[in-house]
>>> print(open('target_14.txt').read())   # compact mmCIF, C-alpha atoms and all ligand atoms
# COMPACT_ATOMS: atom_id res chain seq x y z
CA MET A 153 -48.94 55.89 -33.87
CA THR A 154 -48.47 57.81 -37.14
CA PRO A 155 -51.76 59.28 -38.38
CA THR A 156 -53.12 57.63 -41.54
CA PRO A 157 -53.85 60.10 -44.39
CA LEU A 158 -57.47 61.17 -44.06
CA ASN A 159 -58.47 60.13 -47.59
CA ASP A 160 -57.33 56.54 -47.01
CA LEU A 161 -59.52 56.32 -43.94
CA LEU A 162 -62.57 58.27 -44.89
CA GLY A 163 -63.89 56.10 -47.73
CA PRO A 164 -64.14 52.81 -45.83
CA VAL A 165 -65.17 54.54 -42.60
CA LEU A 166 -68.05 56.32 -44.28
CA ARG A 167 -69.11 53.12 -46.01
CA ASP A 168 -69.14 51.31 -42.67
CA LEU A 169 -70.86 54.14 -40.85
CA ALA A 170 -73.56 54.37 -43.50
CA ARG A 171 -74.31 50.69 -42.90
CA ARG A 172 -74.50 51.24 -39.19
CA SER A 173 -76.90 53.58 -37.64
CA GLY A 174 -78.64 53.59 -34.29
CA HIS A 175 -79.04 50.07 -32.96
CA ASP A 176 -76.50 48.62 -35.39
CA LEU A 177 -73.71 50.95 -34.35
CA ASN A 178 -74.36 50.42 -30.63
CA ARG A 179 -74.38 46.66 -31.09
CA TRP A 180 -71.09 46.85 -33.02
CA LEU A 181 -69.52 48.96 -30.27
CA GLU A 182 -70.68 46.35 -27.73
CA GLN A 183 -69.06 43.57 -29.73
CA VAL A 184 -65.79 45.48 -30.07
CA ASP A 185 -65.83 46.21 -26.35
CA ARG A 186 -66.25 42.50 -25.57
CA LEU A 187 -63.31 41.63 -27.85
CA GLY A 188 -61.08 43.37 -25.29
CA GLY A 189 -58.53 44.59 -27.83
CA CYS A 190 -58.28 41.46 -30.02
CA ARG A 191 -56.69 42.48 -33.30
CA GLU A 192 -57.86 39.66 -35.59
CA PRO A 193 -61.29 38.54 -34.33
CA MET A 194 -63.02 35.50 -35.81
CA ARG A 195 -66.24 36.21 -37.68
CA LEU A 196 -69.00 33.67 -37.30
CA THR A 197 -72.43 33.30 -38.78
CA GLY A 198 -75.06 31.08 -37.21
CA HIS A 199 -77.89 30.80 -34.76
CA THR A 200 -78.71 29.26 -31.39
CA GLU A 201 -81.85 28.18 -29.60
CA THR A 202 -81.91 28.08 -25.81
CA VAL A 203 -84.18 25.31 -24.58
CA ASP A 204 -85.62 24.90 -21.08
CA THR A 205 -84.76 21.23 -20.39
CA ARG A 206 -87.65 20.85 -17.91
CA THR A 207 -90.40 21.88 -20.34
CA GLY A 208 -88.73 21.52 -23.76
CA GLN A 209 -89.75 25.09 -24.53
CA ILE A 210 -87.54 27.39 -26.57
CA ILE A 211 -86.97 30.34 -24.26
CA ALA A 212 -84.58 32.36 -26.42
CA THR A 213 -83.27 32.46 -29.96
CA TYR A 214 -80.28 34.23 -31.35
CA ASP A 215 -79.27 34.72 -34.97
CA THR A 216 -76.25 36.56 -36.33
CA LYS A 217 -78.53 37.95 -39.06
CA GLY A 218 -79.39 40.62 -36.52
CA GLU A 219 -75.74 41.59 -35.99
CA PRO A 220 -73.82 44.31 -37.88
CA HIS A 221 -72.51 42.73 -41.14
CA GLY A 222 -74.46 39.61 -40.09
CA HIS A 223 -71.43 38.36 -38.11
CA LEU A 224 -70.65 37.62 -34.50
CA LEU A 225 -67.09 38.64 -33.59
CA LEU A 226 -65.10 36.42 -31.22
CA ARG A 227 -61.56 36.75 -29.84
CA CYS A 228 -59.01 34.99 -32.08
CA GLY A 229 -57.24 33.31 -29.14
CA ASN A 230 -53.85 33.42 -30.91
CA ARG A 231 -50.88 32.59 -28.69
CA ARG A 232 -48.38 34.71 -30.57
CA ALA A 233 -47.79 38.33 -29.63
CA SER A 234 -46.80 39.16 -33.23
CA ARG A 235 -50.31 38.16 -34.35
CA CYS A 236 -52.54 39.48 -31.56
CA PRO A 237 -50.98 41.20 -28.52
CA SER A 238 -54.23 41.08 -26.56
CA CYS A 239 -54.97 37.35 -26.96
CA ALA A 240 -51.28 36.52 -26.46
CA GLU A 241 -51.44 38.40 -23.15
CA VAL A 242 -54.38 36.23 -22.02
CA TYR A 243 -52.40 33.14 -23.05
CA ARG A 244 -49.33 34.40 -21.17
CA ARG A 245 -51.37 34.97 -17.99
CA ASP A 246 -53.00 31.54 -18.26
CA THR A 247 -49.61 29.89 -18.70
CA PHE A 248 -48.28 31.80 -15.72
CA HIS A 249 -51.10 30.50 -13.50
CA LEU A 250 -50.68 26.99 -14.82
CA ILE A 251 -46.94 26.91 -14.11
CA ARG A 252 -47.33 28.56 -10.71
CA ALA A 253 -50.10 26.16 -9.68
CA GLY A 254 -47.76 23.25 -10.47
CA LEU A 255 -45.02 24.73 -8.29
CA LEU A 256 -46.98 26.06 -5.33
CA GLY A 257 -50.26 24.14 -5.42
CA GLY A 258 -53.18 25.33 -3.33
CA ASP A 259 -54.96 26.30 -6.53
CA LYS A 260 -56.86 24.57 -9.36
CA GLY A 261 -56.94 21.19 -7.65
CA VAL A 262 -53.19 20.89 -7.01
CA PRO A 263 -52.30 20.18 -3.33
CA GLU A 264 -50.07 22.70 -1.54
CA THR A 265 -47.66 19.91 -0.62
CA VAL A 266 -46.17 20.02 -4.17
CA SER A 267 -44.03 22.91 -2.97
CA THR A 268 -42.08 20.42 -0.83
CA HIS A 269 -41.31 18.11 -3.79
CA PRO A 270 -37.91 18.33 -5.53
CA ARG A 271 -38.40 20.88 -8.34
CA VAL A 272 -36.00 22.25 -10.94
CA LEU A 273 -35.99 24.43 -14.05
CA ALA A 274 -34.04 22.63 -16.79
CA THR A 275 -32.98 24.04 -20.17
CA LEU A 276 -32.08 21.61 -22.93
CA THR A 277 -30.46 23.16 -25.99
CA ALA A 278 -29.40 22.08 -29.47
CA PRO A 279 -25.78 21.34 -30.37
CA SER A 280 -23.76 23.52 -32.77
CA PHE A 281 -24.12 23.15 -36.55
CA GLY A 282 -21.42 25.72 -37.23
CA PRO A 283 -20.26 28.99 -35.65
CA VAL A 284 -22.77 31.88 -35.56
CA HIS A 285 -22.30 35.56 -34.64
CA ARG A 286 -22.57 36.01 -30.91
CA GLY A 287 -24.31 38.85 -29.05
CA PRO A 288 -23.86 40.05 -25.45
CA GLY A 289 -23.83 37.38 -22.72
CA LYS A 290 -26.57 36.83 -20.12
CA ASP A 291 -25.05 39.63 -18.01
CA GLY A 292 -25.54 42.08 -20.92
CA LYS A 293 -21.80 42.57 -21.47
CA THR A 294 -20.63 42.50 -25.10
CA VAL A 295 -18.01 39.89 -25.97
CA VAL A 296 -15.63 39.32 -28.89
CA CYS A 297 -17.75 37.36 -31.36
CA HIS A 298 -15.74 34.38 -32.54
CA PRO A 299 -12.00 34.99 -32.52
CA ARG A 300 -10.20 32.08 -34.24
CA ARG A 301 -6.88 31.77 -36.03
CA THR A 302 -8.14 29.09 -38.41
CA GLY A 303 -11.60 28.47 -39.83
CA PRO A 304 -14.53 30.89 -39.67
CA SER A 305 -13.86 33.82 -37.34
CA CYS A 306 -15.28 37.21 -36.38
CA HIS A 307 -13.49 39.75 -34.19
CA ARG A 308 -16.34 42.26 -33.83
CA TRP A 309 -18.24 43.12 -30.63
CA HIS A 310 -21.94 42.81 -31.51
CA LYS A 311 -24.43 44.97 -29.59
CA ALA A 312 -27.76 43.38 -28.57
CA ASP A 313 -29.66 44.81 -31.59
CA ASP A 314 -27.08 43.74 -34.21
CA PRO A 315 -29.01 41.83 -36.94
CA ARG A 316 -25.94 39.63 -37.53
CA ILE A 317 -26.43 37.87 -34.15
CA GLY A 318 -27.43 34.25 -34.75
CA GLN A 319 -26.43 34.30 -38.43
CA ALA A 320 -23.83 31.77 -39.61
CA ILE A 321 -20.32 33.22 -39.75
CA ASP A 322 -19.58 31.09 -42.81
CA SER A 323 -22.73 29.96 -44.61
CA GLY A 324 -20.55 27.89 -46.96
CA THR A 325 -19.60 25.44 -44.20
CA TYR A 326 -22.68 25.68 -41.92
CA ASP A 327 -24.60 22.38 -41.65
CA TYR A 328 -28.10 23.55 -42.69
CA THR A 329 -29.31 19.98 -43.30
CA GLY A 330 -28.30 18.86 -39.80
CA HIS A 331 -29.89 22.01 -38.32
CA VAL A 332 -33.29 21.53 -40.01
CA LEU A 333 -33.35 17.80 -39.23
CA TRP A 334 -32.49 18.54 -35.58
CA ASN A 335 -35.48 20.92 -35.28
CA ALA A 336 -37.66 18.32 -37.03
CA HIS A 337 -36.66 15.71 -34.43
CA ALA A 338 -36.67 17.96 -31.34
CA GLY A 339 -39.94 16.35 -30.17
CA ASP A 340 -38.50 12.82 -30.60
CA LEU A 341 -35.35 13.85 -28.73
CA TRP A 342 -37.53 15.12 -25.88
CA ARG A 343 -39.56 11.86 -25.75
CA ARG A 344 -36.34 9.83 -25.56
CA PHE A 345 -35.01 12.14 -22.87
CA ALA A 346 -38.16 11.61 -20.78
CA ILE A 347 -37.78 7.81 -21.04
CA TYR A 348 -34.07 7.93 -20.15
CA LEU A 349 -34.78 10.29 -17.26
CA ARG A 350 -37.03 7.70 -15.59
CA ARG A 351 -34.39 4.98 -16.14
CA HIS A 352 -31.57 7.14 -14.78
CA LEU A 353 -33.63 8.17 -11.76
CA ALA A 354 -34.45 4.51 -11.04
CA ALA A 355 -30.77 3.59 -11.32
CA ALA A 356 -29.67 6.48 -9.08
CA ALA A 357 -32.26 5.46 -6.46
CA GLY A 358 -31.18 1.81 -6.69
CA LEU A 359 -34.61 0.65 -7.90
CA THR A 360 -35.77 -1.53 -10.76
CA ARG A 361 -37.70 0.35 -13.45
CA ALA A 362 -40.87 -1.47 -12.39
CA VAL A 363 -40.56 -0.41 -8.74
CA PHE A 364 -39.70 3.13 -9.79
CA ASN A 365 -42.72 3.34 -12.09
CA ASP A 366 -45.00 2.07 -9.32
CA THR A 367 -43.83 4.57 -6.72
CA ALA A 368 -42.59 7.75 -8.43
CA ARG A 369 -43.33 10.01 -11.36
CA VAL A 370 -41.73 13.04 -13.01
CA SER A 371 -44.30 15.75 -13.75
CA PHE A 372 -43.29 18.56 -16.06
CA ALA A 373 -44.41 21.59 -18.02
CA LYS A 374 -42.25 22.74 -20.89
CA VAL A 375 -42.10 25.50 -23.47
CA ALA A 376 -40.15 25.62 -26.72
CA GLU A 377 -38.14 28.73 -27.53
CA TYR A 378 -36.32 29.70 -30.71
CA GLN A 379 -32.79 30.91 -30.29
CA ALA A 380 -31.56 33.68 -32.60
CA ARG A 381 -29.68 31.03 -34.64
CA GLY A 382 -33.03 29.38 -35.50
CA LEU A 383 -32.74 26.28 -33.32
CA VAL A 384 -35.42 25.34 -30.87
CA HIS A 385 -34.63 24.67 -27.23
CA PHE A 386 -36.76 23.66 -24.28
CA HIS A 387 -37.31 25.19 -20.85
CA ALA A 388 -38.95 22.66 -18.55
CA VAL A 389 -40.22 22.88 -15.01
CA MET A 390 -39.75 19.36 -13.60
CA ARG A 391 -41.13 18.00 -10.37
CA LEU A 392 -40.53 14.65 -8.71
CA ASP A 393 -43.79 13.22 -7.33
CA GLY A 394 -44.81 10.09 -5.52
CA ARG A 395 -47.42 7.90 -7.19
CA SER A 396 -50.63 6.74 -5.57
CA PRO A 397 -53.85 5.27 -6.95
CA GLY A 398 -55.53 8.64 -6.46
CA GLY A 399 -52.88 10.52 -8.45
CA LEU A 400 -50.38 12.83 -6.75
CA ALA A 401 -48.57 11.71 -3.59
CA ALA A 402 -45.60 12.82 -1.50
CA PRO A 403 -42.29 11.85 -3.13
CA PRO A 404 -40.48 8.72 -1.85
CA GLY A 405 -37.77 9.16 0.79
CA TRP A 406 -34.89 8.87 -1.70
CA ALA A 407 -36.18 11.75 -3.86
CA SER A 408 -33.97 14.84 -3.76
CA VAL A 409 -33.11 17.86 -5.91
CA ASP A 410 -29.52 16.57 -6.34
CA LEU A 411 -30.70 13.20 -7.59
CA LEU A 412 -33.14 14.84 -10.03
CA ASP A 413 -30.45 17.29 -11.20
CA GLY A 414 -27.90 14.52 -11.83
CA ALA A 415 -30.41 12.30 -13.65
CA ILE A 416 -31.54 15.15 -15.95
CA ARG A 417 -27.93 15.83 -16.98
CA SER A 418 -26.98 12.20 -17.53
CA ALA A 419 -30.24 11.39 -19.36
CA ALA A 420 -29.84 14.36 -21.74
CA LEU A 421 -26.26 13.36 -22.57
CA ALA A 422 -27.27 9.73 -23.17
CA VAL A 423 -29.90 10.53 -25.85
CA SER A 424 -28.82 9.76 -29.41
CA LEU A 425 -31.02 9.45 -32.48
CA ASP A 426 -29.94 8.01 -35.84
CA VAL A 427 -31.48 9.75 -38.84
CA PRO A 428 -31.05 8.57 -42.46
CA GLY A 429 -28.74 10.77 -44.52
CA LEU A 430 -26.82 12.14 -41.53
CA GLY A 431 -23.30 10.88 -40.79
CA GLU A 432 -23.67 11.54 -37.07
CA PRO A 433 -26.60 10.81 -34.74
CA LEU A 434 -28.66 13.76 -33.42
CA LEU A 435 -27.82 14.74 -29.82
CA TRP A 436 -28.73 17.39 -27.27
CA GLY A 437 -26.27 20.25 -26.79
CA ARG A 438 -23.54 19.31 -24.30
CA GLN A 439 -24.50 22.17 -21.99
CA VAL A 440 -27.53 21.30 -19.83
CA ASP A 441 -28.72 23.97 -17.37
CA VAL A 442 -30.48 22.77 -14.23
CA SER A 443 -31.49 25.19 -11.44
CA PRO A 444 -33.28 24.17 -8.25
CA ILE A 445 -36.54 26.04 -7.66
CA ALA A 446 -36.77 27.09 -4.03
CA ALA A 447 -36.81 30.10 -1.76
CA GLY A 448 -33.35 31.64 -1.94
CA ALA A 449 -32.72 30.15 -5.40
CA ILE A 450 -35.02 30.95 -8.35
CA THR A 451 -38.47 31.58 -6.92
CA GLU A 452 -41.66 29.95 -8.19
CA ARG A 453 -42.97 33.31 -9.36
CA ALA A 454 -39.86 34.10 -11.37
CA VAL A 455 -39.94 30.67 -13.03
CA ALA A 456 -43.64 30.97 -13.89
CA GLY A 457 -43.04 34.43 -15.38
CA TYR A 458 -40.03 33.25 -17.37
CA VAL A 459 -41.79 30.22 -18.84
CA ALA A 460 -44.99 32.17 -19.58
CA LYS A 461 -43.06 34.82 -21.47
CA TYR A 462 -41.59 32.23 -23.83
CA ALA A 463 -44.99 30.65 -24.40
CA THR A 464 -46.14 33.70 -26.43
CA LYS A 465 -43.08 33.83 -28.67
CA SER A 466 -42.62 31.77 -31.77
CA ALA A 467 -40.02 31.47 -34.51
CA GLU A 468 -40.28 35.21 -35.33
CA THR A 469 -37.09 35.95 -33.36
CA SER A 470 -35.17 34.31 -36.20
CA GLY A 471 -36.84 36.62 -38.76
CA THR A 472 -38.85 33.86 -40.44
CA LEU A 473 -42.33 34.22 -41.98
CA ASP A 474 -45.18 33.92 -39.49
CA ARG A 475 -47.24 31.69 -41.82
CA PRO A 476 -46.62 28.54 -43.86
CA VAL A 477 -44.31 28.97 -46.85
CA LYS A 478 -45.75 28.57 -50.37
CA ALA A 479 -43.76 27.58 -53.47
CA HIS A 480 -43.75 31.16 -54.81
CA ASP A 481 -42.26 32.46 -51.53
CA ILE A 482 -39.05 30.48 -52.01
CA ALA A 483 -37.60 32.85 -54.62
CA GLN A 484 -38.80 35.95 -52.72
CA LEU A 485 -37.54 35.34 -49.18
CA TYR A 486 -34.98 38.18 -49.30
CA ALA A 487 -37.56 40.57 -50.75
CA GLN A 488 -39.84 39.68 -47.82
CA GLY A 489 -37.14 40.70 -45.36
CA VAL A 490 -36.07 37.22 -44.24
CA PRO A 491 -32.38 37.26 -43.17
CA ASP A 492 -29.91 35.19 -45.20
CA HIS A 493 -29.31 32.49 -42.53
CA THR A 494 -33.06 31.98 -41.98
CA ALA A 495 -33.76 32.00 -45.74
CA ARG A 496 -31.18 29.21 -46.17
CA LEU A 497 -32.89 27.19 -43.43
CA ILE A 498 -36.30 27.64 -45.08
CA ARG A 499 -34.91 26.62 -48.48
CA THR A 500 -33.19 23.58 -46.92
CA ALA A 501 -36.47 22.48 -45.31
CA TRP A 502 -38.24 22.99 -48.66
CA ARG A 503 -35.62 20.94 -50.52
CA LEU A 504 -35.60 18.08 -47.99
CA GLY A 505 -39.41 18.20 -47.97
CA ASN A 506 -39.60 17.06 -51.62
CA HIS A 507 -41.14 13.60 -51.13
CA LEU A 508 -39.98 12.30 -54.52
CA VAL A 509 -36.32 13.03 -53.83
CA HIS A 510 -36.42 12.42 -50.05
CA PRO A 511 -39.08 9.80 -49.23
CA GLU A 512 -37.13 9.07 -46.03
CA TYR A 513 -38.21 12.48 -44.64
CA ALA A 514 -41.82 12.43 -45.88
CA HIS A 515 -43.22 11.86 -42.36
CA LEU A 516 -41.50 15.05 -41.14
CA ARG A 517 -43.70 17.19 -43.45
CA LEU A 518 -40.82 19.64 -43.86
CA ARG A 519 -42.53 21.85 -46.47
CA GLN A 520 -45.56 22.39 -44.25
CA TRP A 521 -43.21 23.34 -41.40
CA ALA A 522 -40.53 25.19 -43.40
CA HIS A 523 -41.59 28.53 -41.82
CA MET A 524 -40.88 26.93 -38.40
CA LEU A 525 -37.45 25.88 -39.73
CA GLY A 526 -38.47 22.23 -39.44
CA PHE A 527 -39.95 22.17 -35.91
CA ARG A 528 -43.51 20.86 -35.86
CA GLY A 529 -43.93 20.26 -32.15
CA HIS A 530 -46.10 21.98 -29.62
CA PHE A 531 -44.92 25.18 -28.02
CA SER A 532 -46.08 24.34 -24.57
CA THR A 533 -46.90 20.92 -23.20
CA LYS A 534 -47.20 19.41 -19.77
CA SER A 535 -47.62 16.01 -18.27
CA ARG A 536 -51.13 15.09 -17.12
CA LEU A 537 -50.63 15.56 -13.39
CA TYR A 538 -48.46 18.70 -13.44
CA SER A 539 -51.39 21.07 -12.87
CA THR A 540 -54.53 22.29 -14.57
CA THR A 541 -54.58 22.66 -18.37
CA LEU A 542 -55.22 25.67 -20.58
CA THR A 543 -58.37 23.93 -21.81
CA GLU A 544 -59.62 23.69 -18.24
CA LEU A 545 -58.86 27.35 -17.65
CA ARG A 546 -60.72 28.33 -20.83
CA GLN A 547 -63.60 26.04 -19.90
CA ALA A 548 -63.80 27.70 -16.49
CA ARG A 549 -63.98 31.07 -18.17
CA ALA A 550 -66.64 29.91 -20.64
CA ASP A 551 -68.67 28.28 -17.85
CA PHE A 552 -68.57 31.55 -15.99
CA ARG A 553 -69.92 33.37 -19.02
CA ILE A 554 -72.74 30.88 -19.45
CA ARG A 555 -73.62 30.88 -15.76
CA PHE A 556 -73.60 34.62 -15.87
CA THR A 557 -76.48 34.59 -18.32
CA ARG A 558 -78.44 31.35 -17.83
CA ASP A 559 -78.71 28.47 -15.42
CA PRO A 560 -76.82 25.60 -17.13
CA ALA A 561 -78.68 22.99 -15.02
CA THR A 562 -82.04 23.75 -16.62
CA THR A 563 -81.15 25.17 -20.03
CA LEU A 564 -79.55 23.72 -23.12
CA VAL A 565 -78.11 25.82 -25.94
CA LEU A 566 -78.40 24.27 -29.40
CA GLY A 567 -76.55 26.04 -32.13
CA SER A 568 -75.08 25.90 -35.56
CA TRP A 569 -72.06 28.00 -36.47
CA THR A 570 -70.08 28.68 -39.62
CA TYR A 571 -66.68 30.32 -39.85
CA ALA A 572 -67.09 33.44 -42.00
CA GLY A 573 -63.58 34.84 -41.90
CA GLN A 574 -61.09 36.62 -39.71
CA GLY A 575 -60.18 40.20 -38.89
CA PHE A 576 -61.91 43.56 -39.13
CA THR A 577 -62.99 45.24 -42.36
CA GLU A 578 -60.85 48.21 -43.35
CA GLY A 579 -63.43 50.66 -42.02
CA GLU A 580 -63.90 48.75 -38.77
CA ARG A 581 -60.13 48.70 -38.25
CA ALA A 582 -59.96 52.48 -38.57
CA LEU A 583 -62.88 52.92 -36.16
CA VAL A 584 -61.32 50.55 -33.64
CA ALA A 585 -58.01 52.40 -33.88
CA GLY A 586 -59.90 55.67 -33.23
CA LEU A 587 -61.65 54.18 -30.19
CA THR A 588 -58.38 52.83 -28.79
CA ALA A 589 -56.65 56.19 -29.24
CA LYS A 590 -59.46 57.83 -27.28
CA GLU A 591 -59.15 55.29 -24.44
CA VAL A 592 -55.41 55.94 -24.20
CA GLY A 593 -55.98 59.69 -24.14
CA ARG A 594 -58.42 59.43 -21.21
ZN ZN A 601 -56.96 38.05 -30.73
ZN ZN A 602 -19.61 38.21 -35.37
>>> encode(input="target_14.txt", output="structure tokens", more="lines below")
Ligand SMILES: [Zn+2]
Ligand SMILES: [Zn+2]
Amino acid sequence: MTPTPLNDLLGPVLRDLARRSGHDLNRWLEQVDRLGGCREPMRLTGHTETVDTRTGQIIATYDTKGEPHGHLLLRCGNRRASRCPSCAEVYRRDTFHLIRAGLLGGDKGVPETVSTHPRVLATLTAPSFGPVHRGPGKDGKTVVCHPRRTGPSCHRWHKADDPRIGQAIDSGTYDYTGHVLWNAHAGDLWRRFAIYLRRHLAAAAGLTRAVFNDTARVSFAKVAEYQARGLVHFHAVMRLDGRSPGGLAAPPGWASVDLLDGAIRSAALAVSLDVPGLGEPLLWGRQVDVSPIAAGAITERAVAGYVAKYATKSAETSGTLDRPVKAHDIAQLYAQGVPDHTARLIRTAWRLGNHLVHPEYAHLRLRQWAHMLGFRGHFSTKSRLYSTTLTELRQARADFRIRFTRDPATTLVLGSWTYAGQGFTEGERALVAGLTAKEVGR
């Protein structure tokens, strides 16, 4: 880290230190310690009363008035590593456990037998909206970008860190409207795919849809990832389960990895969505990747790690803004360091998001989601029976904290909280940076 000039630090630090002495400073250090490295903590004001439910007596009171600055600091819980590396790391670990539990069971209420069900990792991508500069392949080897005799071409070999990767080769002919509308419908395309998948599985097994729905179920967990070209794609862990009144059951005899693999491919290729203003329906990319998850193939651990890593990324890889776009941003995108291709996508979303000119797209709320290049879906979702949920994991952690201090069976905490802002003050930030530097040096 480059040292900040002393004068810039000293003013706010001294102001903050003067406010904190003795008890105050210790309490602040305690709070910072509990934040575990969160960069943008939430600041709350409020109070609680802990009541003994057997006697109705108030046995403890707490008020943030007694805290430094009158605020309680809590972890921000942001999923994105660009916003808060520490909270994103917690999210990544939680996602890892959630995915692994769904593959191996034996944990968080999922039976161990799930590891014998047919399981695959499927990647569904977007189609092309025009040629973009290409980086090294999956093996890390650089390739000739886009050699063509006619139409847009590029004969360079782009290294992995080349900022041109993902940018349109010819922005004059690139279909920005189709691109933004595809992102805006990615969630709808997924829902259709899930419906078709059940139909194609039923057909492949020789069952009616009704019999299939009574006896089998596809459980999944998926994450959305932005490609460098600014299109979203989905990685999904999919598992074929049997259905029983109690929930999960062993898969029916006909269930196999091959059958699941074939049905995923045919269902993805069958999806087609008509959107007003587009000459062609929206489709999935023609290349569908399906890999069986099993010992000897991709292992459960590798899959869980892979999916969890994507869960903490967002659209930043395409160089977009990491907050909603405002009207005054539109003219300043280049000045804010947004690459040309991404800036064109943001401006396209903004233009199509004008409800007066494009009432047909009003429900897509394209202005609100312009910084996401049109995508307004969730980054990670799972079907109900795949495994535990992040909420359950967080609840377990919170329960632990409560149990750690009081007996929840005989006490009740009544409280009132108000959001008072986010992040450290300038002085606090400098102090925290100093503390962290010391920890690293130890
Ligand atoms: Zn945080
Ligand atoms: Zn190129």
>>> residues_around(input="target_14.txt", residues="A:Ala402", least_positions_apart="3", cutoff="10 Å", atoms="only C-alpha atoms", output="number ranges by chain")
A: 265-266, 268-269, 367-368, 392-396, 405, 407
>>> residues_near_point(input="target_14.txt", point="(-31.3, 4.3, -11.4)", cutoff="12 Å", atoms="all atoms listed in the file", output="PyMOL selection string")
chain A and resi 348-365+406-407+411-412+414-416+418-419
>>> residues_near_ligand(input="target_14.txt", ligand="ligand ZN 601 (chain A)", cutoff="12 Å", atoms="all atoms listed in the file", output="count of residues only")
33
>>> residues_near_ligand(input="target_14.txt", ligand="ligand ZN 602 (chain A)", cutoff="6 Å", atoms="only C-alpha atoms and all ligand atoms", output="list in words")
His285, Arg286, Cys297, Cys306 and Arg308 of chain A
>>> write_last_selection(input="target_14.txt", atoms="C-alpha atoms", output="PDB file, keeping the file's coordinate frame")
ATOM      1  CA  HIS A 285     -22.300  35.560 -34.640  1.00  0.00           C
ATOM      2  CA  ARG A 286     -22.570  36.010 -30.910  1.00  0.00           C
ATOM      3  CA  CYS A 297     -17.750  37.360 -31.360  1.00  0.00           C
ATOM      4  CA  CYS A 306     -15.280  37.210 -36.380  1.00  0.00           C
ATOM      5  CA  ARG A 308     -16.340  42.260 -33.830  1.00  0.00           C
TER       6      ARG A 308
END
>>> residues_around(input="target_14.txt", residues="stretch 323-330 of chain A", least_positions_apart="3", cutoff="12 Å", atoms="all atoms listed in the file", output="PyMOL selection string")
chain A and resi 278-285+303-304+318-320+333-338+381-383+426-435+492-505+513+518+525-526
>>> atom_distance(input="target_14.txt", atom1="atom CA of A:Arg244", atom2="atom CA of A:Tyr462")
8.5 Å
>>> closest_residue(input="target_14.txt", among="A:Ser424, A:Thr213, A:Thr207, A:Ser267", to="A:Arg343", atoms="only C-alpha atoms")
A:Ser424
>>> closest_residue(input="target_14.txt", among="A:Lys374, A:His507, A:Lys311, A:Arg519", to="A:Gly254", atoms="only C-alpha atoms")
A:Lys374
>>> atom_distance(input="target_14.txt", atom1="atom CA of A:Ser535", atom2="atom CA of A:Ala376")
14.8 Å
>>> atom_distance(input="target_14.txt", atom1="atom CA of A:Ala422", atom2="atom CA of A:Asp340")
13.8 Å
>>> residues_around(input="target_14.txt", residues="A:Ile251", least_positions_apart="6", cutoff="12 Å", atoms="all atoms listed in the file", output="ChimeraX atom specification")
/A:244-245,257,259-260,262,271,273,371-375,387-391,452-461,463,532-535,537-542
>>> residues_around(input="target_14.txt", residues="A:Gln520", least_positions_apart="3", cutoff="9 Å", atoms="all atoms listed in the file", output="list in words")
Pro476, Val477, Lys478, Trp502, Gly505, Leu516, Arg517, His523, Met524, Gly526 and Arg528 of chain A
>>> closest_residue(input="target_14.txt", among="A:Val295, A:Val370, A:Leu276, A:Ala380", to="A:Arg316", atoms="all atoms listed in the file")
A:Ala380
>>> closest_residue(input="target_14.txt", among="A:Leu255, A:Ile347, A:Leu421, A:Leu485", to="A:Ile450", atoms="all atoms listed in the file")
A:Leu255
>>> closest_residue(input="target_14.txt", among="A:Val296, A:Val203, A:Ile482, A:Ala446", to="A:Val409", atoms="all atoms listed in the file")
A:Ala446
